[in-house]
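Engineer: Contents of upload.cif (mmCIF, C-alpha atoms):
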```cif
data_entry
loop_
_atom_site.label_atom_id
_atom_site.label_comp_id
_atom_site.auth_asym_id
_atom_site.auth_seq_id
_atom_site.Cartn_x
_atom_site.Cartn_y
_atom_site.Cartn_z
CA MET A 1 116.29 102.25 96.54
CA PHE A 2 117.56 100.16 93.67
CA ARG A 3 117.97 96.43 93.79
CA LYS A 4 121.40 95.10 92.75
CA TYR A 5 121.43 92.50 89.98
CA ILE A 6 124.13 90.56 88.18
CA LYS A 7 123.36 89.98 84.51
CA SER A 8 119.61 90.54 84.78
CA LYS A 9 117.22 91.80 82.16
CA ASN A 10 116.37 95.47 82.13
CA MET A 11 112.75 96.08 82.94
CA ILE A 12 110.03 98.32 81.56
CA HIS A 13 107.41 98.82 84.25
CA ILE A 14 104.08 99.98 82.84
CA ILE A 15 102.01 101.85 85.43
CA TYR A 16 98.41 102.11 84.25
CA MET A 17 96.64 104.96 86.01
CA ALA A 18 92.97 103.98 86.35
CA ALA A 19 92.18 106.29 89.22
CA GLY A 20 90.71 109.57 87.96
CA ASN A 21 87.75 111.27 89.64
CA SER A 22 85.63 111.77 86.48
CA ARG A 23 84.34 115.12 87.73
CA ARG A 24 83.19 116.29 84.29
CA PHE A 25 81.75 112.98 83.12
CA GLY A 26 78.86 112.80 85.57
CA SER A 27 79.60 109.19 86.53
CA ASN A 28 82.68 107.00 86.71
CA LYS A 29 83.95 107.21 83.12
CA LEU A 30 86.40 104.36 83.61
CA LEU A 31 83.48 101.99 84.26
CA HIS A 32 81.35 103.38 81.43
CA ILE A 33 80.45 100.65 78.93
CA TRP A 34 81.75 101.68 75.52
CA GLN A 35 82.04 99.45 72.48
CA GLY A 36 81.21 96.38 74.52
CA LYS A 37 83.39 96.80 77.59
CA MET A 38 84.34 99.20 80.34
CA LEU A 39 86.31 102.19 79.08
CA TYR A 40 89.40 101.47 81.15
CA ARG A 41 89.67 97.96 79.67
CA HIS A 42 90.27 99.09 76.07
CA THR A 43 93.87 100.22 76.52
CA LEU A 44 94.53 97.78 79.36
CA ASP A 45 93.63 94.76 77.22
CA MET A 46 95.99 96.00 74.50
CA LEU A 47 98.78 96.43 77.04
CA SER A 48 98.17 92.96 78.43
CA ASP A 49 98.54 91.48 74.95
CA ILE A 50 101.85 93.30 74.47
CA VAL A 51 103.20 92.16 77.84
CA SER A 52 102.24 88.54 77.19
CA SER A 53 103.71 88.43 73.70
CA ARG A 54 106.98 90.05 74.79
CA LYS A 55 107.49 87.72 77.71
CA ILE A 56 107.41 84.60 75.53
CA ASN A 57 109.94 86.00 73.04
CA GLU A 58 113.31 84.69 74.20
CA ASP A 59 115.20 86.92 71.77
CA ILE A 60 114.22 90.08 73.64
CA ASP A 61 116.71 91.13 76.30
CA TYR A 62 114.26 93.02 78.51
CA ASP A 63 111.03 92.23 80.29
CA ILE A 64 107.83 94.15 80.97
CA THR A 65 105.57 94.35 84.01
CA LEU A 66 102.06 95.78 84.11
CA THR A 67 100.66 97.47 87.22
CA VAL A 68 97.19 99.00 87.54
CA VAL A 69 96.68 101.67 90.20
CA THR A 70 93.09 102.53 91.06
CA GLN A 71 90.89 103.94 93.79
CA TYR A 72 87.92 101.84 92.68
CA ASP A 73 86.91 98.53 94.26
CA ARG A 74 85.06 97.62 91.05
CA ILE A 75 88.30 97.66 89.05
CA ILE A 76 90.16 95.67 91.72
CA ALA A 77 87.37 93.07 91.61
CA ASP A 78 87.29 93.05 87.81
CA LEU A 79 91.00 92.22 87.66
CA ASP A 80 90.98 89.75 90.53
CA GLY A 81 92.92 86.62 89.66
CA ARG A 82 94.83 88.14 86.75
CA LYS A 83 98.39 86.84 87.03
CA ASP A 84 99.65 89.16 84.29
CA ILE A 85 98.56 92.32 86.12
CA ASN A 86 99.65 93.70 89.48
CA THR A 87 96.78 95.68 91.03
CA VAL A 88 97.33 98.44 93.57
CA PHE A 89 94.51 100.08 95.51
CA CYS A 90 95.14 103.75 96.31
CA GLY A 91 92.30 105.51 98.08
CA ASP A 92 94.34 108.71 98.12
CA SER A 93 94.14 108.91 94.32
CA ARG A 94 91.02 110.99 94.85
CA LEU A 95 93.36 113.75 96.10
CA GLY A 96 95.34 114.01 92.87
CA ALA A 97 97.50 112.32 90.25
CA SER A 98 100.67 112.48 92.35
CA TYR A 99 99.24 109.94 94.78
CA THR A 100 98.55 107.50 91.96
CA ILE A 101 102.06 107.93 90.57
CA LYS A 102 103.70 107.40 93.95
CA ALA A 103 101.52 104.38 94.76
CA GLY A 104 102.59 102.75 91.51
CA ILE A 105 106.28 103.40 92.14
CA ASN A 106 106.14 102.30 95.78
CA SER A 107 104.50 99.02 94.77
CA LEU A 108 107.60 98.24 92.71
CA MET A 109 110.22 99.17 95.28
CA GLY A 110 112.72 96.38 95.77
CA ARG A 111 112.40 95.35 92.12
CA LEU A 112 113.68 98.50 90.46
CA LYS A 113 117.11 98.99 88.91
CA LYS A 114 118.73 102.22 87.82
CA ASP A 115 118.54 101.23 84.15
CA ASP A 116 114.84 100.33 84.30
CA TRP A 117 112.04 102.49 82.92
CA LEU A 118 108.63 103.59 84.22
CA LEU A 119 106.01 104.00 81.50
CA PHE A 120 102.93 105.87 82.77
CA ILE A 121 99.72 105.40 80.78
CA VAL A 122 96.33 106.89 81.64
CA ALA A 123 93.14 104.86 81.39
CA ASP A 124 90.99 107.44 79.59
CA GLN A 125 92.78 107.32 76.22
CA PRO A 126 91.01 104.38 74.52
CA TYR A 127 92.41 105.21 71.07
CA LEU A 128 96.03 104.76 72.08
CA SER A 129 97.58 102.33 69.60
CA GLU A 130 99.76 99.29 70.05
CA LYS A 131 102.19 100.80 67.55
CA THR A 132 102.78 103.81 69.79
CA ILE A 133 103.38 101.66 72.87
CA LEU A 134 105.84 99.50 70.95
CA LYS A 135 107.76 102.65 69.99
CA PHE A 136 108.21 103.43 73.70
CA ILE A 137 109.32 99.88 74.41
CA GLU A 138 111.78 99.99 71.53
CA ALA A 139 113.19 103.30 72.76
CA ALA A 140 113.64 101.96 76.29
CA SER A 141 115.27 98.73 75.20
CA GLN A 142 117.83 100.15 72.78
CA ASP A 143 121.51 100.23 73.59
CA LYS A 144 122.21 103.96 73.61
CA LYS A 145 125.24 103.49 71.34
CA SER A 146 123.62 101.07 68.89
CA GLU A 147 122.93 101.94 65.28
CA ASP A 148 119.23 101.17 65.78
CA TYR A 149 119.06 103.70 68.61
CA LYS A 150 120.82 106.33 66.54
CA MET A 151 118.33 105.75 63.75
CA LEU A 152 115.44 106.05 66.22
CA LEU A 153 116.75 109.41 67.38
CA ALA A 154 117.53 110.59 63.85
CA ASN A 155 113.90 110.00 62.93
CA GLY A 156 112.73 111.96 65.95
CA GLU A 157 112.49 115.65 66.61
CA LYS A 158 114.03 118.08 69.07
CA ASN A 159 112.00 119.11 72.06
CA ASN A 160 111.83 122.75 70.95
CA GLY A 161 109.24 121.88 68.30
CA ASP A 162 111.24 123.09 65.31
CA TYR A 163 110.99 119.71 63.50
CA GLU A 164 114.76 119.58 62.95
CA ASN A 165 116.26 116.09 62.74
CA ILE A 166 118.77 115.01 65.33
CA LEU A 167 121.77 114.08 63.23
CA SER A 168 124.99 114.67 65.10
CA GLU A 169 126.88 111.86 66.82
CA GLU A 170 126.81 113.74 70.10
CA LYS A 171 123.04 114.14 70.11
CA ASN A 172 122.34 110.66 68.79
CA SER A 173 124.14 109.01 71.69
CA LYS A 174 122.60 111.32 74.28
CA ASP A 175 121.10 109.49 77.22
CA TYR A 176 117.53 110.76 77.37
CA LYS A 177 115.78 110.19 80.68
CA VAL A 178 112.28 111.20 79.53
CA PHE A 179 110.24 110.05 76.54
CA SER A 180 106.83 111.54 75.79
CA ALA A 181 104.11 111.03 73.21
CA ARG A 182 103.41 113.97 70.91
CA TYR A 183 101.09 114.86 68.07
CA ARG A 184 102.55 117.63 65.92
CA ALA A 185 103.74 120.24 68.44
CA LYS A 186 101.56 119.11 71.36
CA ALA A 187 102.98 116.73 73.94
CA GLY A 188 100.78 114.37 75.91
CA ASN A 189 100.52 110.99 77.58
CA PRO A 190 101.99 108.38 77.71
CA CYS A 191 105.20 109.51 79.34
CA MET A 192 108.19 107.32 80.23
CA PHE A 193 110.88 108.06 82.81
CA SER A 194 114.24 106.57 83.62
CA CYS A 195 114.24 105.11 87.12
CA GLU A 196 117.01 107.60 87.87
CA LEU A 197 114.22 110.18 88.14
CA ILE A 198 112.27 108.32 90.83
CA PRO A 199 113.34 110.76 93.60
CA GLU A 200 111.81 113.63 91.59
CA LEU A 201 108.62 111.68 90.88
CA LEU A 202 108.22 110.87 94.57
CA GLU A 203 108.43 114.59 95.39
CA LEU A 204 105.26 115.35 93.40
CA SER A 205 102.28 116.54 95.41
CA GLY A 206 98.58 117.18 94.95
CA ASP A 207 97.33 116.89 91.39
CA SER A 208 100.76 117.42 89.83
CA GLY A 209 101.59 114.73 87.29
CA GLY A 210 104.74 113.49 85.64
CA ARG A 211 104.74 116.39 83.19
CA LYS A 212 106.10 118.60 85.97
CA VAL A 213 109.19 116.38 86.17
CA ALA A 214 109.43 115.98 82.40
CA LYS A 215 109.74 119.75 81.93
CA ARG A 216 112.98 119.79 83.92
CA HIS A 217 114.73 117.45 81.49
CA GLU A 218 115.45 117.22 77.80
CA CYS A 219 112.71 115.05 76.38
CA PHE A 220 112.66 112.77 73.37
CA TYR A 221 109.26 112.71 71.68
CA ILE A 222 107.48 109.66 70.31
CA ASP A 223 105.34 111.08 67.52
CA VAL A 224 101.91 109.53 66.94
CA GLU A 225 100.27 109.32 63.54
CA ASP A 226 96.75 110.27 64.62
CA GLY A 227 95.88 112.98 67.12
CA LYS A 228 92.97 110.99 68.53
CA GLU A 229 95.46 108.64 70.21
CA LEU A 230 96.22 111.34 72.77
CA PHE A 231 92.58 112.36 73.21
CA ASP A 232 91.35 112.16 76.81
CA ILE A 233 87.74 111.19 77.48
CA ASP A 234 86.61 113.79 80.00
CA SER A 235 82.87 114.16 79.35
CA GLU A 236 80.00 112.11 77.92
CA LYS A 237 80.18 114.29 74.82
CA ASP A 238 83.82 113.27 74.31
CA ILE A 239 82.92 109.60 74.17
CA ASN A 240 81.30 109.99 70.75
CA ILE A 241 83.67 112.44 69.06
CA TYR A 242 85.69 109.75 67.28
CA SER A 243 83.22 106.87 67.56
CA GLN A 244 82.22 107.08 63.90
CA ASP A 245 85.79 106.88 62.57
#
```
Any chance you could put this one into structure tokens?
Structural biologist:
Amino acid sequence: MFRKYIKSKNMIHIIYMAAGNSRRFGSNKLLHIWQGKMLYRHTLDMLSDIVSSRKINEDIDYDITLTVVTQYDRIIADLDGRKDINTVFCGDSRLGASYTIKAGINSLMGRLKKDDWLLFIVADQPYLSEKTILKFIEAASQDKKSEDYKMLLANGEKNNGDYENILSEEKNSKDYKVFSARYRAKAGNPCMFSCELIPELLELSGDSGGRKVAKRHECFYIDVEDGKELFDIDSEKDINIYSQD
């Protein structure tokens, strides 16, 4: 499954899931024009900027790829010619989130290493911030025994929601395999997995998402500053809830 490298950069593979059915929206929400562009482009454009800026920084010892998985020809056409984005068409995405997840992973087979990360981001969270994504990237790129990593963990919170700092040496050097966004006590997307968990992700079926795998493992939470970052646009009413902020 994993490709063998000698002295290669670790990779963070962003899989952008732009494949939902929009059952409650009344039309394809991802193509809905909002604030001057299609809804799915808001977070995608931010991610593209991050990927481009990181790739030209020679001081960073990891690299990032960006893959968009969709069931919509319109999105494939919209992204045609983009060299910074790998597009994957998955007609089976209409059957559930697991198909989108597996299509994204399978498109990367042959490039994955055990120490790489898969960062899954959904396309209906237009308020997701660059700061939050950079926290995930920082977490993935840290040497697990480095002082910076220990500080990152010490500023985090345990997954039982008791807001207790992680302070002990044993816990600070723990090798987490799952990172998830959270606002207060509520976890949400994005969610990032060690490539060691690919076999479990590939076992998902139907509309089961990565959260099913995340619940089996101790999770480190990336806390967001504003709850609207994790807000999913599911209906036309949702589109205007935070528009006046």
Engineer: Calculated over only C-alpha atoms, which of the candidates A:Leu79, A:Ile12, A:Lys37, A:Thr100 has the smallest distance to Leu66 of chain A?
Structural biologist: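 Smallest separation from Leu66 of chain A among the options: A:Ile12.
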Engineer: To one decimal in Å, tell me the separation between atom CA of Ala185 of chain A and atom CA of Ile15 of chain A.
Structural biologist: 25.1 Å
Engineer: Taking 4 positions as the minimum chain separation for residues in the same chain, which residues sit within 7 Å of Ser98 of chain A when counting only C-alpha atoms? Answer as a ChimeraX atom specification.
Structural biologist: /A:102,204-209
Engineer: Using C-alpha atoms, can you export the residues from the last selection as a PDB file, in the coordinates of the input?
Structural biologist:
```
ATOM      1  CA  LYS A 102     103.700 107.400  93.950  1.00  0.00           C
ATOM      2  CA  LEU A 204     105.260 115.350  93.400  1.00  0.00           C
ATOM      3  CA  SER A 205     102.280 116.540  95.410  1.00  0.00           C
ATOM      4  CA  GLY A 206      98.580 117.180  94.950  1.00  0.00           C
ATOM      5  CA  ASP A 207      97.330 116.890  91.390  1.00  0.00           C
ATOM      6  CA  SER A 208     100.760 117.420  89.830  1.00  0.00           C
ATOM      7  CA  GLY A 209     101.590 114.730  87.290  1.00  0.00           C
TER       8      GLY A 209
END
```
Engineer: Which one is closest to Leu30 of chain A: A:Ala139, A:Cys191, A:Ile233, A:Val213? Count all atoms listed in the file.
Structural biologist: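 Of A:Ala139, A:Cys191, A:Ile233, A:Val213, the one nearest Leu30 of chain A is A:Ile233, counting all atoms listed in the file.
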Engineer: I'd like to know which of A:Ala18, A:Val68, A:Ile105, A:Leu119 is closest to Ala140 of chain A, using all atoms listed in the file.
Structural biologist: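 Using all atoms listed in the file, Ala140 of chain A sits closest to A:Leu119.
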Engineer: Quick one, how far is atom CA of Asp73 of chain A from atom CA of Phe89 of chain A?
Structural biologist: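 Pair atom CA of Asp73 of chain A / atom CA of Phe89 of chain A returns 7.9 Å.
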Engineer: For the PyMOL selection byres ((chain A and resi 137) around 10), applied here, can you spell out every residue it catches as a PyMOL selection string?
Structural biologist: chain A and resi 11-12+14+50+62-64+117+119+131-136+138-142+192
